Amino acid sequence: MTNATLPRIAVLGAGHVGPAIARLALAAGHPVSIATSGNPGDLALVTQLLIPGAEPRRGSDAIARADIVVLAIPLHRFQAIDADALSGKLVIDAMNYWPATDGRLPPPFDYDIGTSEVVAERLRDADVVKTLNHVGYHDLERYASPPGSLDRRALGVAGDAPDAVATVSTFIDRIGYDAVPVGALSAGRVLQPGGPVFGAVLRRADFQRAVHSPVEQQQAFRVAEQNYARSA
Amino acid sequence: MAEQPANSTVGGKKATFPLVLGLDTFGDRTNTVSGQPLSHAQTIRNVVEEGVLAEQVGVDFFGIGEHHTDYFPMPAADVVLASIAARTQRIHLGSAVTVLSSDDPVRVFQRYSTLNAVSNGRAEVILGRGSSIESFPLFGYDLADYEQLFEEKTALFAQLLQGGPVTWQGATRAALRDQDVVPHLEDGHRLPTWVGVGGSPQSVIRAARLGFALMLAIIGGPPARFAPFAALFQQALAKYGRSPQPVGVHGPGHIAPTDDQAREQFWPHWRELIRLVAVERGFAIPTEESFAYETGPQGALYVGSPETVAQKIATNLRTLGATRFDLKYGAGGLPHEALMTNIELYGSEVIPRVRELMQE
């Protein structure tokens, strides 16, 4: 049952990640809508079978009715998002720059700054918070657990607006994770692919230790990027 | 091919497909028993021997996945499959997968209809969008075109399968006008075609829209979470007016006489393989904890004794409403001898046991 007093969530994207986030939000009682750029009939079918309880909507409708909008589309499709429609909204950026599906993105994505900073730059009138990007979509539901669980795992949260970070942290806690603020949006780079917590599903203490200690995997991603740059 | 029926519900109607139990390899580079890496050429010759053994021990299908790396030196699966075809009579042979996005659908059709000719109707194709991306820069494709490449090329491939002159126009290859594409499939021969899907709902719907069968590649996490995808596939087939199609599962594993032996043999090579792949694809590097989970009843790896593996296969086939399972055997560096034992146990013990369990 959804609880009408909880923030209404709009998930943009029904690929690997979007349905997992939508199901977690539904399970926590949030009213949830989901939108894609694809065929509406296909979205209705996907929603009915994979995200029962969510409402399939057109992107603009879903955004207009939502308190929190989750971007769960491939980053290379982000340029197609209508920035004006997101004006004044609280936006969770769950996207990653992933050359294997995004190809090589044009500037400013290939600058040495965080992708969420690029997203926030384009969505100037929205409050952008980075989270939900560093745990694999197949792990998100498996590790979700109620507050206080012994083995509870953590999700990093980064954003420039304290109120937005607080609202998103409450949401993250409700859907099954300890929300760990890592600082401003620029500090959210630590949550990116190649960073010390990317792909890992850590308990709060381990998460906090990891974000302060860059590890081998960070170099690993750099190597992949270099290989890609060389061969492309 | 096994004639034992297994049931699958499509739009309320029961559709019957044979239970098919196969093997897949990516041509994982093998070591000698003492740990020395074998050459690419010897690894490929070993794959031929493995395919021949698979037929001898009663495996239904032998698939080879296209890759272009030092640890999977296997770019020309169809050539290797043709050598296996020449030494076998019964086993079905196919790609697992063909990276269609960076290939030409006309050439893929031609190579596999040629394989169908030399094997007397035993060829199959599993099309993939490619989770490994090395073929894109190698053949001059831009990853930014990933979606369009796969969408257009699968649609053209579906048209080629129908036979007869092809007229096609798109952005990803030269247009065709009333083009006769040879060799024609012989009367009564099909070229069964699957789409390999890793969990994107849109890919499941695309497979259904084009009327292909669905191969779920489940390489991590609980296979049961894919059950809604099988349901989505059946509903989408009905929505797009397609005939019933089977659902298959591709899963990695290793079989040895005991659970402990299988885990001990597989673990160091699996860890090393994923460590290498993690660099390219961003996977988390496996830990002993994650390995224990994945090899346990909830996980995605089929590692253990024949009984352990058979139980897991049967359970997951039932959960997913699937009628086919392809075990991806091998992991970089496991010696050829261990792979031969794996194949022997899979054919002689796992397959009969799964058939028995599926009849219960």
# chains A, B, ... in the order shown; residues from 1 in each chain; ligands from 1
>>> select_by_dssp(residues="segment 47-259 of chain B", states="alpha helix (DSSP H)", output="MDAnalysis selection string")
chainID B and resid 47:56 77:86 105:118 135:138 146:161 201:209 227:239 259
>>> residues_around(residues="Gly163 of chain B", least_positions_apart="3", cutoff="12 Å", atoms="only C-alpha atoms", output="VMD selection string")
chain B and resid 106 109 to 110 113 156 to 160 166 to 167 178 to 187 189 to 191
>>> residues_around(residues="segment 171-182 of chain A", least_positions_apart="6", cutoff="6 Å", atoms="only C-alpha atoms", output="list in words")
Leu24, Ala25, Ala28, Ala144, Ser145, Pro146, Arg153, Ala154, Leu155, Gly156, Val157 and Ala158 of chain A
>>> residues_around(residues="Asp125 of chain A", least_positions_apart="2", cutoff="6 Å", atoms="only C-alpha atoms", output="list in words")
Ser87, Gly88 and Leu123 of chain A
>>> write_last_selection(atoms="N, CA and C atoms", output="mmCIF file, in the first residue's frame")
data_model
loop_
_atom_site.group_PDB
_atom_site.id
_atom_site.type_symbol
_atom_site.label_atom_id
_atom_site.label_comp_id
_atom_site.auth_asym_id
_atom_site.auth_seq_id
_atom_site.Cartn_x
_atom_site.Cartn_y
_atom_site.Cartn_z
ATOM 1 N N SER A 87 12.771 22.109 -13.516
ATOM 2 C CA SER A 87 12.992 23.340 -12.782
ATOM 3 C C SER A 87 12.285 23.298 -11.432
ATOM 4 N N GLY A 88 13.025 23.582 -10.364
ATOM 5 C CA GLY A 88 12.444 23.606 -9.024
ATOM 6 C C GLY A 88 12.298 22.238 -8.381
ATOM 7 N N LEU A 123 20.911 21.313 -15.138
ATOM 8 C CA LEU A 123 19.627 21.451 -14.430
ATOM 9 C C LEU A 123 19.763 22.548 -13.372
#
>>> residues_around(residues="segment 312-323 of chain B", least_positions_apart="2", cutoff="6 Å", atoms="only C-alpha atoms", output="JSON, numbers by chain")
{"B": [8, 19, 227, 247, 248, 309, 310, 354]}
>>> residues_around(residues="Glu147 of chain B", least_positions_apart="6", cutoff="12 Å", atoms="only C-alpha atoms", output="PyMOL selection string")
(chain A and resi 74+76-77+100-103) or (chain B and resi 100-102+128-130+141+153-154+172+202-203+206)
>>> residues_around(residues="Gln36 of chain B", least_positions_apart="6", cutoff="12 Å", atoms="only C-alpha atoms", output="ChimeraX atom specification")
/B:29-30,332-336
>>> write_last_selection(atoms="C-alpha atoms", output="PDB file, in the first residue's frame")
ATOM      1  CA  ARG B  29      42.575 -19.642 -22.570  1.00  0.00           C
ATOM      2  CA  THR B  30      43.710 -22.792 -20.805  1.00  0.00           C
ATOM      3  CA  GLY B 332      40.738 -18.668 -17.778  1.00  0.00           C
ATOM      4  CA  GLY B 333      43.589 -20.962 -16.827  1.00  0.00           C
ATOM      5  CA  LEU B 334      41.607 -24.040 -15.791  1.00  0.00           C
ATOM      6  CA  PRO B 335      43.446 -26.869 -17.527  1.00  0.00           C
ATOM      7  CA  HIS B 336      41.885 -28.630 -20.519  1.00  0.00           C
TER       8      HIS B 336
END
>>> closest_residue(among="A:Pro7, A:Leu45, A:Asp160, A:Ser33", to="Ala238 of chain B", atoms="only C-alpha atoms")
A:Leu45
>>> closest_residue(among="A:Ala166, A:Val201, A:Ile34, A:Ala4", to="chain B", atoms="only C-alpha atoms")
A:Val201
>>> atom_distance(atom1="atom CA of Asp70 of chain B", atom2="atom CA of Phe198 of chain A")
26.2 Å
>>> decode(residues="segment 18-30 of chain A", atoms="all heavy atoms", output="PDB file, in the first residue's frame")
ATOM      1  N   GLY A  18      16.237   1.531 -13.168  1.00  0.00           N
ATOM      2  CA  GLY A  18      14.969   2.184 -12.831  1.00  0.00           C
ATOM      3  C   GLY A  18      13.977   1.270 -12.119  1.00  0.00           C
ATOM      4  O   GLY A  18      13.472   1.620 -11.039  1.00  0.00           O
ATOM      5  N   PRO A  19      13.685   0.084 -12.677  1.00  0.00           N
ATOM      6  CA  PRO A  19      12.712  -0.781 -12.005  1.00  0.00           C
ATOM      7  C   PRO A  19      13.139  -1.193 -10.587  1.00  0.00           C
ATOM      8  O   PRO A  19      12.292  -1.296  -9.692  1.00  0.00           O
ATOM      9  CB  PRO A  19      12.630  -2.008 -12.934  1.00  0.00           C
ATOM     10  CG  PRO A  19      12.952  -1.454 -14.285  1.00  0.00           C
ATOM     11  CD  PRO A  19      14.018  -0.408 -14.030  1.00  0.00           C
ATOM     12  N   ALA A  20      14.447  -1.394 -10.375  1.00  0.00           N
ATOM     13  CA  ALA A  20      14.912  -1.796  -9.038  1.00  0.00           C
ATOM     14  C   ALA A  20      14.645  -0.674  -8.030  1.00  0.00           C
ATOM     15  O   ALA A  20      14.139  -0.913  -6.922  1.00  0.00           O
ATOM     16  CB  ALA A  20      16.406  -2.146  -9.080  1.00  0.00           C
ATOM     17  N   ILE A  21      14.950   0.561  -8.404  1.00  0.00           N
ATOM     18  CA  ILE A  21      14.701   1.699  -7.505  1.00  0.00           C
ATOM     19  C   ILE A  21      13.198   1.876  -7.296  1.00  0.00           C
ATOM     20  O   ILE A  21      12.735   2.116  -6.172  1.00  0.00           O
ATOM     21  CB  ILE A  21      15.344   2.987  -8.082  1.00  0.00           C
ATOM     22  CG1 ILE A  21      16.869   2.843  -8.112  1.00  0.00           C
ATOM     23  CG2 ILE A  21      14.925   4.212  -7.261  1.00  0.00           C
ATOM     24  CD1 ILE A  21      17.599   4.000  -8.810  1.00  0.00           C
ATOM     25  N   ALA A  22      12.440   1.745  -8.374  1.00  0.00           N
ATOM     26  CA  ALA A  22      10.977   1.921  -8.275  1.00  0.00           C
ATOM     27  C   ALA A  22      10.370   0.889  -7.324  1.00  0.00           C
ATOM     28  O   ALA A  22       9.510   1.210  -6.499  1.00  0.00           O
ATOM     29  CB  ALA A  22      10.342   1.812  -9.663  1.00  0.00           C
ATOM     30  N   ARG A  23      10.819  -0.359  -7.408  1.00  0.00           N
ATOM     31  CA  ARG A  23      10.286  -1.406  -6.516  1.00  0.00           C
ATOM     32  C   ARG A  23      10.636  -1.127  -5.064  1.00  0.00           C
ATOM     33  O   ARG A  23       9.818  -1.337  -4.167  1.00  0.00           O
ATOM     34  CB  ARG A  23      10.803  -2.785  -6.940  1.00  0.00           C
ATOM     35  CG  ARG A  23      10.094  -3.351  -8.156  1.00  0.00           C
ATOM     36  CD  ARG A  23      10.481  -4.816  -8.382  1.00  0.00           C
ATOM     37  NE  ARG A  23      11.893  -4.989  -8.696  1.00  0.00           N
ATOM     38  CZ  ARG A  23      12.364  -5.085  -9.946  1.00  0.00           C
ATOM     39  NH1 ARG A  23      11.551  -5.040 -10.987  1.00  0.00           N
ATOM     40  NH2 ARG A  23      13.654  -5.239 -10.157  1.00  0.00           N
ATOM     41  N   LEU A  24      11.861  -0.675  -4.818  1.00  0.00           N
ATOM     42  CA  LEU A  24      12.253  -0.347  -3.439  1.00  0.00           C
ATOM     43  C   LEU A  24      11.389   0.787  -2.898  1.00  0.00           C
ATOM     44  O   LEU A  24      10.946   0.751  -1.747  1.00  0.00           O
ATOM     45  CB  LEU A  24      13.731   0.056  -3.385  1.00  0.00           C
ATOM     46  CG  LEU A  24      14.750  -1.072  -3.518  1.00  0.00           C
ATOM     47  CD1 LEU A  24      16.160  -0.494  -3.595  1.00  0.00           C
ATOM     48  CD2 LEU A  24      14.646  -2.041  -2.341  1.00  0.00           C
ATOM     49  N   ALA A  25      11.138   1.809  -3.729  1.00  0.00           N
ATOM     50  CA  ALA A  25      10.338   2.957  -3.285  1.00  0.00           C
ATOM     51  C   ALA A  25       8.900   2.518  -3.007  1.00  0.00           C
ATOM     52  O   ALA A  25       8.288   2.929  -2.012  1.00  0.00           O
ATOM     53  CB  ALA A  25      10.377   4.054  -4.343  1.00  0.00           C
ATOM     54  N   LEU A  26       8.369   1.653  -3.870  1.00  0.00           N
ATOM     55  CA  LEU A  26       7.007   1.141  -3.661  1.00  0.00           C
ATOM     56  C   LEU A  26       6.924   0.345  -2.366  1.00  0.00           C
ATOM     57  O   LEU A  26       5.993   0.502  -1.580  1.00  0.00           O
ATOM     58  CB  LEU A  26       6.605   0.228  -4.823  1.00  0.00           C
ATOM     59  CG  LEU A  26       6.121   0.916  -6.093  1.00  0.00           C
ATOM     60  CD1 LEU A  26       6.075  -0.105  -7.225  1.00  0.00           C
ATOM     61  CD2 LEU A  26       4.735   1.540  -5.883  1.00  0.00           C
ATOM     62  N   ALA A  27       7.924  -0.513  -2.159  1.00  0.00           N
ATOM     63  CA  ALA A  27       7.919  -1.347  -0.963  1.00  0.00           C
ATOM     64  C   ALA A  27       7.972  -0.489   0.299  1.00  0.00           C
ATOM     65  O   ALA A  27       7.463  -0.881   1.352  1.00  0.00           O
ATOM     66  CB  ALA A  27       9.104  -2.318  -0.999  1.00  0.00           C
ATOM     67  N   ALA A  28       8.576   0.702   0.185  1.00  0.00           N
ATOM     68  CA  ALA A  28       8.666   1.603   1.338  1.00  0.00           C
ATOM     69  C   ALA A  28       7.412   2.462   1.479  1.00  0.00           C
ATOM     70  O   ALA A  28       7.327   3.282   2.395  1.00  0.00           O
ATOM     71  CB  ALA A  28       9.900   2.495   1.196  1.00  0.00           C
ATOM     72  N   GLY A  29       6.463   2.305   0.557  1.00  0.00           N
ATOM     73  CA  GLY A  29       5.195   3.003   0.684  1.00  0.00           C
ATOM     74  C   GLY A  29       5.046   4.265  -0.163  1.00  0.00           C
ATOM     75  O   GLY A  29       4.003   4.911  -0.136  1.00  0.00           O
ATOM     76  N   HIS A  30       6.075   4.618  -0.916  1.00  0.00           N
ATOM     77  CA  HIS A  30       5.991   5.834  -1.733  1.00  0.00           C
ATOM     78  C   HIS A  30       5.072   5.623  -2.934  1.00  0.00           C
ATOM     79  O   HIS A  30       5.119   4.565  -3.557  1.00  0.00           O
ATOM     80  CB  HIS A  30       7.380   6.218  -2.275  1.00  0.00           C
ATOM     81  CG  HIS A  30       8.322   6.711  -1.236  1.00  0.00           C
ATOM     82  ND1 HIS A  30       8.407   8.031  -0.876  1.00  0.00           N
ATOM     83  CD2 HIS A  30       9.217   6.050  -0.461  1.00  0.00           C
ATOM     84  CE1 HIS A  30       9.327   8.168   0.072  1.00  0.00           C
ATOM     85  NE2 HIS A  30       9.832   6.984   0.347  1.00  0.00           N
TER      86      HIS A  30
END
